[in-house]
file upload-v9.cif (mmCIF, C-alpha atoms)
data_model
#
loop_
_atom_site.group_PDB
_atom_site.id
_atom_site.type_symbol
_atom_site.label_atom_id
_atom_site.label_comp_id
_atom_site.auth_asym_id
_atom_site.auth_seq_id
_atom_site.Cartn_x
_atom_site.Cartn_y
_atom_site.Cartn_z
ATOM 1 C CA MET A 4 186.001 128.369 107.227
ATOM 2 C CA SER A 5 184.872 131.306 105.102
ATOM 3 C CA SER A 6 184.552 134.802 106.523
ATOM 4 C CA LYS A 7 180.785 134.708 105.916
ATOM 5 C CA THR A 8 180.391 131.406 107.777
ATOM 6 C CA SER A 9 182.525 132.658 110.643
ATOM 7 C CA ILE A 10 180.431 135.792 111.034
ATOM 8 C CA LEU A 11 177.164 133.863 110.922
ATOM 9 C CA ASN A 12 178.406 131.330 113.471
ATOM 10 C CA THR A 13 179.515 134.076 115.848
ATOM 11 C CA ALA A 14 176.203 135.894 115.514
ATOM 12 C CA ILE A 15 174.197 132.732 116.116
ATOM 13 C CA HIS A 16 176.389 131.753 119.066
ATOM 14 C CA THR A 17 175.942 135.205 120.640
ATOM 15 C CA ILE A 18 172.167 135.116 120.246
ATOM 16 C CA GLU A 19 171.959 131.578 121.615
ATOM 17 C CA MET A 20 174.133 132.446 124.613
ATOM 18 C CA GLU A 21 172.057 135.488 125.493
ATOM 19 C CA SER A 22 168.728 133.715 124.973
ATOM 20 C CA LYS A 23 169.895 130.913 127.288
ATOM 21 C CA ALA A 24 170.914 133.459 129.910
ATOM 22 C CA ILE A 25 167.522 135.159 129.694
ATOM 23 C CA PHE A 26 165.739 131.819 130.061
ATOM 24 C CA ASN A 27 167.810 131.029 133.158
ATOM 25 C CA LEU A 28 166.674 134.314 134.726
ATOM 26 C CA SER A 29 163.175 132.873 135.060
ATOM 27 C CA LYS A 30 164.578 130.377 137.545
ATOM 28 C CA LEU A 31 166.016 133.190 139.675
ATOM 29 C CA VAL A 32 162.807 135.171 140.104
ATOM 30 C CA ASN A 33 161.584 134.875 143.687
ATOM 31 C CA ASP A 34 159.734 136.706 146.472
ATOM 32 C CA ASN A 35 162.245 139.532 146.285
ATOM 33 C CA PHE A 36 160.885 140.365 142.860
ATOM 34 C CA VAL A 37 157.298 140.342 144.126
ATOM 35 C CA LYS A 38 158.211 142.561 147.068
ATOM 36 C CA SER A 39 160.099 144.944 144.796
ATOM 37 C CA VAL A 40 157.078 145.365 142.533
ATOM 38 C CA GLU A 41 154.797 145.952 145.507
ATOM 39 C CA LEU A 42 157.265 148.406 147.045
ATOM 40 C CA ILE A 43 157.380 150.506 143.875
ATOM 41 C CA TYR A 44 153.641 150.247 143.299
ATOM 42 C CA ASN A 45 152.800 151.416 146.825
ATOM 43 C CA SER A 46 155.453 154.119 146.930
ATOM 44 C CA LYS A 47 154.361 157.755 147.048
ATOM 45 C CA GLY A 48 157.601 158.778 145.389
ATOM 46 C CA ARG A 49 159.451 158.041 142.184
ATOM 47 C CA VAL A 50 161.883 155.342 141.139
ATOM 48 C CA ILE A 51 165.495 156.534 141.010
ATOM 49 C CA ILE A 52 167.649 154.171 138.938
ATOM 50 C CA THR A 53 171.422 154.350 139.094
ATOM 51 C CA GLY A 54 174.449 152.494 137.767
ATOM 52 C CA ILE A 55 177.967 152.910 136.474
ATOM 53 C CA GLY A 56 179.435 152.140 133.048
ATOM 54 C CA LYS A 57 177.255 149.977 130.790
ATOM 55 C CA SER A 58 174.868 149.396 133.701
ATOM 56 C CA ALA A 59 174.188 153.142 133.675
ATOM 57 C CA ILE A 60 173.089 152.908 130.052
ATOM 58 C CA ILE A 61 170.746 150.061 130.929
ATOM 59 C CA ALA A 62 169.447 152.095 133.885
ATOM 60 C CA SER A 63 168.606 154.954 131.532
ATOM 61 C CA LYS A 64 166.649 152.610 129.245
ATOM 62 C CA ILE A 65 164.682 151.129 132.158
ATOM 63 C CA VAL A 66 163.830 154.664 133.296
ATOM 64 C CA ALA A 67 162.416 155.400 129.848
ATOM 65 C CA THR A 68 160.351 152.203 129.889
ATOM 66 C CA LEU A 69 158.929 152.892 133.346
ATOM 67 C CA ASN A 70 158.040 156.488 132.493
ATOM 68 C CA SER A 71 156.243 155.420 129.332
ATOM 69 C CA THR A 72 154.185 152.821 131.188
ATOM 70 C CA GLY A 73 152.944 154.889 134.107
ATOM 71 C CA THR A 74 155.684 154.618 136.725
ATOM 72 C CA PRO A 75 157.550 157.927 137.299
ATOM 73 C CA ALA A 76 161.285 157.290 137.152
ATOM 74 C CA VAL A 77 164.510 159.328 137.103
ATOM 75 C CA PHE A 78 168.016 158.318 136.016
ATOM 76 C CA MET A 79 170.934 159.152 138.300
ATOM 77 C CA HIS A 80 174.477 158.269 137.241
ATOM 78 C CA ALA A 81 176.332 156.641 140.135
ATOM 79 C CA ALA A 82 179.488 158.687 139.569
ATOM 80 C CA ASP A 83 177.550 161.963 139.461
ATOM 81 C CA ALA A 84 175.523 160.956 142.514
ATOM 82 C CA ILE A 85 178.539 161.121 144.804
ATOM 83 C CA HIS A 86 179.439 164.520 143.366
ATOM 84 C CA GLY A 87 176.203 166.345 144.031
ATOM 85 C CA ASP A 88 173.387 164.518 142.263
ATOM 86 C CA LEU A 89 172.233 162.758 145.445
ATOM 87 C CA GLY A 90 169.894 165.730 145.790
ATOM 88 C CA LEU A 91 167.740 164.039 143.146
ATOM 89 C CA ILE A 92 166.572 161.510 145.706
ATOM 90 C CA LEU A 93 163.524 162.640 147.660
ATOM 91 C CA LYS A 94 162.104 161.237 150.857
ATOM 92 C CA ASP A 95 159.635 158.730 149.389
ATOM 93 C CA ASP A 96 161.687 157.663 146.363
ATOM 94 C CA VAL A 97 162.689 154.047 145.809
ATOM 95 C CA VAL A 98 166.218 153.543 144.505
ATOM 96 C CA ILE A 99 167.193 150.777 142.099
ATOM 97 C CA CYS A 100 170.936 150.236 141.871
ATOM 98 C CA ILE A 101 172.288 148.211 138.935
ATOM 99 C CA SER A 102 175.730 146.594 138.983
ATOM 100 C CA LYS A 103 176.980 143.292 137.598
ATOM 101 C CA SER A 104 179.632 142.789 140.276
ATOM 102 C CA GLY A 105 177.994 144.844 143.011
ATOM 103 C CA ASN A 106 181.446 145.742 144.248
ATOM 104 C CA THR A 107 182.592 148.716 142.167
ATOM 105 C CA PRO A 108 184.151 151.630 144.099
ATOM 106 C CA GLU A 109 181.353 154.020 143.136
ATOM 107 C CA ILE A 110 178.698 151.590 144.374
ATOM 108 C CA LYS A 111 180.530 151.094 147.676
ATOM 109 C CA VAL A 112 180.514 154.851 148.227
ATOM 110 C CA LEU A 113 176.969 155.451 147.007
ATOM 111 C CA VAL A 114 175.065 152.672 148.779
ATOM 112 C CA PRO A 115 175.753 153.823 152.388
ATOM 113 C CA LEU A 116 174.698 157.356 151.436
ATOM 114 C CA ILE A 117 171.378 156.069 150.112
ATOM 115 C CA LYS A 118 170.818 153.937 153.198
ATOM 116 C CA SER A 119 171.600 156.838 155.516
ATOM 117 C CA ALA A 120 168.684 158.734 153.990
ATOM 118 C CA ASN A 121 166.388 155.773 154.753
ATOM 119 C CA ASN A 122 165.332 155.281 151.144
ATOM 120 C CA LYS A 123 164.405 151.723 150.232
ATOM 121 C CA MET A 124 166.874 150.201 147.794
ATOM 122 C CA ILE A 125 166.507 147.417 145.225
ATOM 123 C CA ALA A 126 169.621 145.833 143.724
ATOM 124 C CA ILE A 127 169.829 144.328 140.249
ATOM 125 C CA THR A 128 173.121 142.456 140.347
ATOM 126 C CA GLY A 129 174.817 139.348 139.052
ATOM 127 C CA ASN A 130 176.410 138.755 142.442
ATOM 128 C CA ILE A 131 173.894 138.532 145.271
ATOM 129 C CA ASP A 132 176.717 138.045 147.807
ATOM 130 C CA SER A 133 178.368 141.322 146.801
ATOM 131 C CA PHE A 134 178.483 144.512 148.832
ATOM 132 C CA LEU A 135 175.434 145.796 146.953
ATOM 133 C CA GLY A 136 173.594 142.498 147.333
ATOM 134 C CA GLN A 137 174.166 142.468 151.076
ATOM 135 C CA GLN A 138 173.168 146.107 151.609
ATOM 136 C CA ALA A 139 170.027 146.295 149.458
ATOM 137 C CA ASP A 140 166.558 145.795 150.912
ATOM 138 C CA TYR A 141 165.632 143.539 148.000
ATOM 139 C CA VAL A 142 167.919 141.782 145.523
ATOM 140 C CA LEU A 143 166.961 140.847 141.970
ATOM 141 C CA ASN A 144 169.373 138.200 140.773
ATOM 142 C CA ALA A 145 170.774 138.986 137.301
ATOM 143 C CA TYR A 146 173.422 136.284 137.336
ATOM 144 C CA VAL A 147 174.821 135.132 133.991
ATOM 145 C CA GLU A 148 177.313 132.349 133.552
ATOM 146 C CA LYS A 149 179.390 134.072 130.902
ATOM 147 C CA GLU A 150 179.473 137.153 128.718
ATOM 148 C CA ALA A 151 178.889 136.654 124.999
ATOM 149 C CA CYS A 152 182.202 138.439 124.468
ATOM 150 C CA PRO A 153 184.777 135.704 123.658
ATOM 151 C CA ASN A 154 187.112 137.234 126.231
ATOM 152 C CA ASN A 155 184.319 137.196 128.822
ATOM 153 C CA LEU A 156 185.002 140.882 129.430
ATOM 154 C CA ALA A 157 182.715 143.240 127.482
ATOM 155 C CA PRO A 158 179.292 143.560 129.159
ATOM 156 C CA THR A 159 176.954 141.785 126.744
ATOM 157 C CA THR A 160 174.955 138.952 128.257
ATOM 158 C CA SER A 161 174.993 140.639 131.659
ATOM 159 C CA THR A 162 173.523 143.916 130.389
ATOM 160 C CA THR A 163 170.890 142.004 128.434
ATOM 161 C CA ALA A 164 169.900 140.252 131.657
ATOM 162 C CA GLN A 165 169.678 143.590 133.504
ATOM 163 C CA LEU A 166 167.449 145.023 130.789
ATOM 164 C CA VAL A 167 165.145 142.009 130.845
ATOM 165 C CA ILE A 168 164.673 142.314 134.599
ATOM 166 C CA GLY A 169 163.854 145.989 134.133
ATOM 167 C CA ASP A 170 161.292 145.103 131.474
ATOM 168 C CA ALA A 171 159.765 142.492 133.765
ATOM 169 C CA LEU A 172 159.421 145.099 136.521
ATOM 170 C CA ALA A 173 157.816 147.571 134.136
ATOM 171 C CA VAL A 174 155.309 145.057 132.778
ATOM 172 C CA CYS A 175 154.330 143.848 136.252
ATOM 173 C CA LEU A 176 153.781 147.446 137.369
ATOM 174 C CA LEU A 177 151.863 148.190 134.184
ATOM 175 C CA GLU A 178 149.477 145.324 134.909
ATOM 176 C CA LYS A 179 149.043 146.268 138.567
ATOM 177 C CA ARG A 180 148.128 149.808 137.527
ATOM 178 C CA GLY A 181 145.659 148.570 134.921
ATOM 179 C CA PHE A 182 147.609 150.657 132.402
ATOM 180 C CA SER A 183 145.593 150.535 129.163
ATOM 181 C CA SER A 184 146.294 151.399 125.533
ATOM 182 C CA LYS A 185 144.481 154.705 126.145
ATOM 183 C CA ASP A 186 146.878 155.486 128.981
ATOM 184 C CA PHE A 187 149.770 154.530 126.732
ATOM 185 C CA ALA A 188 148.513 156.946 124.080
ATOM 186 C CA LYS A 189 148.598 159.806 126.588
ATOM 187 C CA TYR A 190 152.306 159.201 127.133
ATOM 188 C CA HIS A 191 153.020 158.720 123.416
ATOM 189 C CA PRO A 192 151.040 161.456 121.629
ATOM 190 C CA GLY A 193 153.648 161.967 118.950
ATOM 191 C CA GLY A 194 154.688 159.737 116.084
ATOM 192 C CA ALA A 195 152.975 156.845 114.376
ATOM 193 C CA LEU A 196 152.583 154.833 117.580
ATOM 194 C CA GLY A 197 150.636 157.541 119.358
ATOM 195 C CA LYS A 198 148.469 158.203 116.331
ATOM 196 C CA LYS A 199 147.515 154.543 116.089
ATOM 197 C CA LEU A 200 146.264 154.744 119.648
ATOM 198 C CA TYR A 201 144.347 158.015 119.645
ATOM 199 C CA LEU A 202 143.691 159.232 116.085
ATOM 200 C CA ARG A 203 140.052 158.809 115.090
ATOM 201 C CA VAL A 204 138.396 158.734 111.690
ATOM 202 C CA SER A 205 136.777 162.113 112.381
ATOM 203 C CA ASP A 206 140.209 163.691 112.904
ATOM 204 C CA ILE A 207 141.034 162.879 109.287
ATOM 205 C CA SER A 208 137.720 162.943 107.437
ATOM 206 C CA SER A 209 136.756 166.324 108.895
ATOM 207 C CA VAL A 210 139.524 168.055 106.936
ATOM 208 C CA ASN A 211 138.685 166.305 103.670
ATOM 209 C CA GLN A 212 136.065 167.485 101.223
ATOM 210 C CA LYS A 213 132.773 165.550 101.088
ATOM 211 C CA PRO A 214 132.103 164.450 97.522
ATOM 212 C CA LYS A 215 128.513 163.372 96.958
ATOM 213 C CA VAL A 216 125.958 163.101 94.171
ATOM 214 C CA ALA A 217 122.315 162.115 93.985
ATOM 215 C CA PRO A 218 121.338 158.736 92.494
ATOM 216 C CA ASN A 219 119.938 160.463 89.373
ATOM 217 C CA ALA A 220 123.004 162.660 88.804
ATOM 218 C CA SER A 221 124.430 162.581 85.302
ATOM 219 C CA ILE A 222 127.776 160.943 84.583
ATOM 220 C CA LYS A 223 129.173 164.384 83.775
ATOM 221 C CA ASP A 224 128.168 165.575 87.249
ATOM 222 C CA VAL A 225 129.787 162.497 88.756
ATOM 223 C CA ILE A 226 133.058 163.153 86.895
ATOM 224 C CA VAL A 227 133.054 166.815 87.923
ATOM 225 C CA GLU A 228 132.404 165.949 91.574
ATOM 226 C CA ILE A 229 135.182 163.369 91.713
ATOM 227 C CA THR A 230 137.580 165.717 89.932
ATOM 228 C CA GLU A 231 136.854 168.751 92.108
ATOM 229 C CA LYS A 232 136.929 166.943 95.456
ATOM 230 C CA LEU A 233 140.309 165.290 94.735
ATOM 231 C CA LEU A 234 139.614 162.014 96.528
ATOM 232 C CA GLY A 235 139.106 159.732 93.546
ATOM 233 C CA VAL A 236 135.613 158.862 94.746
ATOM 234 C CA THR A 237 132.156 160.180 95.421
ATOM 235 C CA ALA A 238 129.391 158.933 97.626
ATOM 236 C CA VAL A 239 125.943 158.457 96.137
ATOM 237 C CA VAL A 240 123.431 159.672 98.698
ATOM 238 C CA ASP A 241 119.679 159.913 98.979
ATOM 239 C CA ASN A 242 118.507 162.317 101.713
ATOM 240 C CA ASN A 243 122.101 162.155 103.009
ATOM 241 C CA ILE A 244 121.881 158.371 103.383
ATOM 242 C CA ILE A 245 124.606 156.411 101.597
ATOM 243 C CA VAL A 246 123.192 154.236 98.820
ATOM 244 C CA GLY A 247 126.362 153.660 96.813
ATOM 245 C CA ILE A 248 129.853 154.722 95.825
ATOM 246 C CA ILE A 249 131.527 155.608 92.542
ATOM 247 C CA THR A 250 135.308 155.529 92.167
ATOM 248 C CA ASP A 251 137.707 156.438 89.393
ATOM 249 C CA GLY A 252 137.851 152.730 88.661
ATOM 250 C CA ASP A 253 134.073 152.551 88.198
ATOM 251 C CA LEU A 254 134.276 155.336 85.607
ATOM 252 C CA ARG A 255 137.058 153.590 83.710
ATOM 253 C CA ARG A 256 135.150 150.324 83.677
ATOM 254 C CA MET A 257 132.052 152.146 82.394
ATOM 255 C CA LEU A 258 134.034 153.761 79.563
ATOM 256 C CA SER A 259 135.489 150.403 78.561
ATOM 257 C CA LYS A 260 131.961 149.018 78.129
ATOM 258 C CA THR A 261 130.136 151.873 76.412
ATOM 259 C CA ASP A 262 130.802 154.859 74.175
ATOM 260 C CA ASN A 263 127.495 156.519 74.915
ATOM 261 C CA PHE A 264 126.832 157.298 78.551
ATOM 262 C CA SER A 265 124.635 160.330 78.113
ATOM 263 C CA SER A 266 121.593 158.432 79.338
ATOM 264 C CA LEU A 267 123.328 156.849 82.316
ATOM 265 C CA THR A 268 123.065 158.169 85.875
ATOM 266 C CA ALA A 269 124.994 157.651 89.086
ATOM 267 C CA LYS A 270 122.787 154.780 90.234
ATOM 268 C CA ASP A 271 123.531 152.879 86.998
ATOM 269 C CA ILE A 272 127.271 152.634 87.629
ATOM 270 C CA MET A 273 127.590 152.886 91.395
ATOM 271 C CA SER A 274 128.678 150.029 93.634
ATOM 272 C CA LYS A 275 125.902 149.298 96.097
ATOM 273 C CA ASP A 276 126.390 148.716 99.815
ATOM 274 C CA PRO A 277 129.928 150.149 99.943
ATOM 275 C CA LYS A 278 132.311 149.578 102.817
ATOM 276 C CA ARG A 279 131.979 152.301 105.423
ATOM 277 C CA ILE A 280 133.114 153.255 108.896
ATOM 278 C CA THR A 281 131.684 155.366 111.699
ATOM 279 C CA ILE A 282 133.086 158.783 112.428
ATOM 280 C CA ASP A 283 134.140 157.867 115.990
ATOM 281 C CA ALA A 284 136.061 154.720 114.982
ATOM 282 C CA MET A 285 139.846 154.613 115.318
ATOM 283 C CA ALA A 286 141.835 155.514 112.223
ATOM 284 C CA VAL A 287 143.774 152.267 112.585
ATOM 285 C CA ASP A 288 140.464 150.400 112.170
ATOM 286 C CA ALA A 289 139.951 152.177 108.852
ATOM 287 C CA LYS A 290 143.418 151.009 107.829
ATOM 288 C CA GLU A 291 142.536 147.394 108.610
ATOM 289 C CA ILE A 292 139.303 147.540 106.595
ATOM 290 C CA MET A 293 141.105 149.017 103.587
ATOM 291 C CA GLU A 294 143.798 146.363 103.786
ATOM 292 C CA ASP A 295 141.317 143.500 104.223
ATOM 293 C CA PHE A 296 139.235 144.512 101.197
ATOM 294 C CA GLY A 297 141.990 145.984 99.025
ATOM 295 C CA ILE A 298 140.378 149.421 98.750
ATOM 296 C CA SER A 299 141.757 152.959 98.947
ATOM 297 C CA GLN A 300 138.752 154.890 100.290
ATOM 298 C CA LEU A 301 136.124 154.424 102.942
ATOM 299 C CA LEU A 302 132.892 156.341 103.276
ATOM 300 C CA VAL A 303 132.294 157.750 106.732
ATOM 301 C CA GLU A 304 128.977 157.774 108.569
ATOM 302 C CA ASP A 305 127.740 159.753 111.538
ATOM 303 C CA ASP A 306 124.669 158.233 113.159
ATOM 304 C CA GLY A 307 123.714 156.568 109.886
ATOM 305 C CA THR A 308 124.153 159.631 107.670
ATOM 306 C CA TYR A 309 126.937 160.455 105.237
ATOM 307 C CA ALA A 310 129.813 162.329 106.914
ATOM 308 C CA GLY A 311 132.713 162.211 104.475
ATOM 309 C CA VAL A 312 135.586 160.139 103.127
ATOM 310 C CA ILE A 313 138.812 158.766 104.550
ATOM 311 C CA HIS A 314 141.520 157.932 102.005
ATOM 312 C CA LEU A 315 144.474 155.566 102.210
ATOM 313 C CA HIS A 316 146.752 158.499 101.478
ATOM 314 C CA ASP A 317 145.471 160.209 104.634
ATOM 315 C CA LEU A 318 146.712 157.284 106.696
ATOM 316 C CA VAL A 319 150.064 157.302 104.915
ATOM 317 C CA LYS A 320 150.420 161.027 105.612
ATOM 318 C CA GLU A 321 149.680 160.483 109.304
ATOM 319 C CA GLY A 322 152.280 157.708 109.480
ATOM 320 C CA ILE A 323 149.743 154.998 110.342
ATOM 321 C CA LEU A 324 150.764 152.877 107.360
#

call {"tool": "encode", "arguments": {"input": "upload-v9.cif", "output": "structure tokens"}}
result
Amino acid sequence: MSSKTSILNTAIHTIEMESKAIFNLSKLVNDNFVKSVELIYNSKGRVIITGIGKSAIIASKIVATLNSTGTPAVFMHAADAIHGDLGLILKDDVVICISKSGNTPEIKVLVPLIKSANNKMIAITGNIDSFLGQQADYVLNAYVEKEACPNNLAPTTSTTAQLVIGDALAVCLLEKRGFSSKDFAKYHPGGALGKKLYLRVSDISSVNQKPKVAPNASIKDVIVEITEKLLGVTAVVDNNIIVGIITDGDLRRMLSKTDNFSSLTAKDIMSKDPKRITIDAMAVDAKEIMEDFGISQLLVEDDGTYAGVIHLHDLVKEGIL
């Protein structure tokens, strides 16, 4: 067997093993999951998520997912917890403890301390009969038959299962809270993702120049306007109402057809009924229109009157494309 074939077979086997384990999790979801979601949803406190080793890394990721979807969460490393970090846990907090075996020394020390403070505790474990499984108020079964690691040692399938359960919790809580794309935007204001959710056409077009000419403007005036405004286009407006558009491409096509354009005006070469978008539309909607019609500019309207231009390059600059 070639090295390439061996690598591909191992990769495929790993993916198939983990996907099978994830599918089997759906058979393990029960009333404990429902009660856990309701407990977190009705809690006046935060969610404290703890673990040791690779489970701690998964705990940190679940914390990030919960925070970004409207459920306040804090990561607490299990080893640090028994050396002072227990002070993170407040009266109304719900604790989620993640451990494949549920029997690690750190967990056995930590769990009684959490229970003594009367905080409700949810376990995510692959062994519901473990110390953690027996002590938790609610147990979410993350059992996997075998790790993807050929030695059945390195946490692979088990950590994937833990992460999937965390995602399921987050999505259920998101739905219960009625967490919308607008809410999501508030938690993700930076980067391309946030901009897709909150950036409006007006945010972009307002900083651009507003090229425009009258229908009877000369071709020279059209060329000057397009050149000075640096957007490769000008609107043709009558009483500030859009009646057409002229692009660099329109000028090139005109020049290929005639050598004498001194008698021509804007209305003779403009494209009528151009694509346009309202000033309060989302910038991502402008992107979709440009992609659908294969164009680089859109004219912008405000209550039916000409308000500017949004260019494909604007969207690229903002990271939306």

call {"tool": "closest_residue", "arguments": {"input": "upload-v9.cif", "among": "A:Lys123, A:Arg255, A:Lys223, A:Lys103", "to": "Ser39 in chain A", "atoms": "all atoms listed in the file"}}
result
A:Lys123

call {"tool": "closest_residue", "arguments": {"input": "upload-v9.cif", "among": "A:Asp88, A:Asp241, A:Asp34, A:Glu21", "to": "Pro218 in chain A", "atoms": "all atoms listed in the file"}}
result
A:Asp241

call {"tool": "closest_residue", "arguments": {"input": "upload-v9.cif", "among": "A:Ile131, A:Ile207, A:Ala81, A:Ala126", "to": "Val147 in chain A", "atoms": "all atoms listed in the file"}}
result
A:Ile131

call {"tool": "residues_around", "arguments": {"input": "upload-v9.cif", "residues": "Asn35 in chain A", "least_positions_apart": "2", "cutoff": "12 Å", "atoms": "only C-alpha atoms", "output": "short mmCIF file (atom, residue, chain, number, x, y, z; two decimals) with C-alpha atoms, keeping the file's coordinate frame"}}
result
data_model
loop_
_atom_site.label_atom_id
_atom_site.label_comp_id
_atom_site.auth_asym_id
_atom_site.auth_seq_id
_atom_site.Cartn_x
_atom_site.Cartn_y
_atom_site.Cartn_z
CA LEU A 31 166.02 133.19 139.68
CA VAL A 32 162.81 135.17 140.10
CA ASN A 33 161.58 134.88 143.69
CA VAL A 37 157.30 140.34 144.13
CA LYS A 38 158.21 142.56 147.07
CA SER A 39 160.10 144.94 144.80
CA VAL A 40 157.08 145.36 142.53
CA GLU A 41 154.80 145.95 145.51
CA LEU A 42 157.26 148.41 147.04
CA MET A 124 166.87 150.20 147.79
CA ILE A 125 166.51 147.42 145.22
CA ALA A 126 169.62 145.83 143.72
CA ILE A 127 169.83 144.33 140.25
CA ILE A 131 173.89 138.53 145.27
CA GLY A 136 173.59 142.50 147.33
CA ALA A 139 170.03 146.29 149.46
CA ASP A 140 166.56 145.79 150.91
CA TYR A 141 165.63 143.54 148.00
CA VAL A 142 167.92 141.78 145.52
CA LEU A 143 166.96 140.85 141.97
CA ASN A 144 169.37 138.20 140.77
CA LEU A 172 159.42 145.10 136.52
#

call {"tool": "resolve_selection", "arguments": {"input": "upload-v9.cif", "expression": "the PyMOL selection byres ((chain A and resi 219) around 12)", "output": "number ranges by chain"}}
result
A: 215-218, 220-225, 239-241, 246-247, 266-273

call {"tool": "atom_distance", "arguments": {"input": "upload-v9.cif", "atom1": "CA of Leu315 in chain A", "atom2": "CA of Gln300 in chain A"}}
result
6.1 Å

call {"tool": "closest_residue", "arguments": {"input": "upload-v9.cif", "among": "A:Ser299, A:Thr128, A:Asn242, A:Asn106", "to": "Ile168 in chain A", "atoms": "only C-alpha atoms"}}
result
A:Thr128

call {"tool": "closest_residue", "arguments": {"input": "upload-v9.cif", "among": "A:Leu89, A:Ile323, A:Ala62, A:Ala24", "to": "Val114 in chain A", "atoms": "all atoms listed in the file"}}
result
A:Leu89

call {"tool": "resolve_selection", "arguments": {"input": "upload-v9.cif", "expression": "the PyMOL selection byres ((chain A and resi 77) around 8)", "output": "ChimeraX atom specification"}}
result
/A:49-52,66,75-76,78-79

call {"tool": "write_last_selection", "arguments": {"input": "upload-v9.cif", "atoms": "C-alpha atoms", "output": "compact mmCIF listing (two decimals), in the frame of the given file"}}
result
# COMPACT_ATOMS: atom_id res chain seq x y z
CA ARG A 49 159.45 158.04 142.18
CA VAL A 50 161.88 155.34 141.14
CA ILE A 51 165.50 156.53 141.01
CA ILE A 52 167.65 154.17 138.94
CA VAL A 66 163.83 154.66 133.30
CA PRO A 75 157.55 157.93 137.30
CA ALA A 76 161.28 157.29 137.15
CA PHE A 78 168.02 158.32 136.02
CA MET A 79 170.93 159.15 138.30

call {"tool": "closest_residue", "arguments": {"input": "upload-v9.cif", "among": "A:Leu11, A:Asp95, A:Ile25, A:Thr261", "to": "Glu148 in chain A", "atoms": "only C-alpha atoms"}}
result
A:Ile25

call {"tool": "resolve_selection", "arguments": {"input": "upload-v9.cif", "expression": "the PyMOL selection byres ((chain A and resi 85) around 9)", "output": "ChimeraX atom specification"}}
result
/A:81-84,86-89,109,112-113,116

call {"tool": "residues_around", "arguments": {"input": "upload-v9.cif", "residues": "Thr160 in chain A", "least_positions_apart": "2", "cutoff": "6 Å", "atoms": "all atoms listed in the file", "output": "list in words"}}
result
Glu21, Glu150, Ala151, Thr162 and Thr163 of chain A

call {"tool": "write_last_selection", "arguments": {"input": "upload-v9.cif", "atoms": "C-alpha atoms", "output": "PDB file, keeping the file's coordinate frame"}}
result
ATOM      1  CA  GLU A  21     172.057 135.488 125.493  1.00  0.00           C
ATOM      2  CA  GLU A 150     179.473 137.153 128.718  1.00  0.00           C
ATOM      3  CA  ALA A 151     178.889 136.654 124.999  1.00  0.00           C
ATOM      4  CA  THR A 162     173.523 143.916 130.389  1.00  0.00           C
ATOM      5  CA  THR A 163     170.890 142.004 128.434  1.00  0.00           C
TER       6      THR A 163
END

call {"tool": "atom_distance", "arguments": {"input": "upload-v9.cif", "atom1": "CA of His316 in chain A", "atom2": "CA of Ser208 in chain A"}}
result
11.7 Å

call {"tool": "residues_around", "arguments": {"input": "upload-v9.cif", "residues": "Asn211 in chain A", "least_positions_apart": "3", "cutoff": "10 Å", "atoms": "all atoms listed in the file", "output": "list of chain:residue names"}}
result
A:Ser205, A:Asp206, A:Ile207, A:Ser208, A:Pro214, A:Lys232, A:Leu233, A:Leu234, A:Gly311, A:Val312, A:Ile313, A:His314, A:Asp317

call {"tool": "atom_distance", "arguments": {"input": "upload-v9.cif", "atom1": "CA of Gly54 in chain A", "atom2": "CA of His80 in chain A"}}
result
5.8 Å

call {"tool": "residues_around", "arguments": {"input": "upload-v9.cif", "residues": "range 307-310 of chain A", "least_positions_apart": "2", "cutoff": "8 Å", "atoms": "only C-alpha atoms", "output": "number ranges by chain"}}
result
A: 208, 213, 240, 243-245, 282, 302-305, 312

call {"tool": "axis_aligned_box", "arguments": {"input": "upload-v9.cif", "around": "range 275-289 of chain A", "padding_each_side": "6 Å", "output": "AutoDock Vina command-line options"}}
result
--center_x 134.8 --center_y 153.7 --center_z 106.0 --size_x 29.9 --size_y 22.1 --size_z 31.9
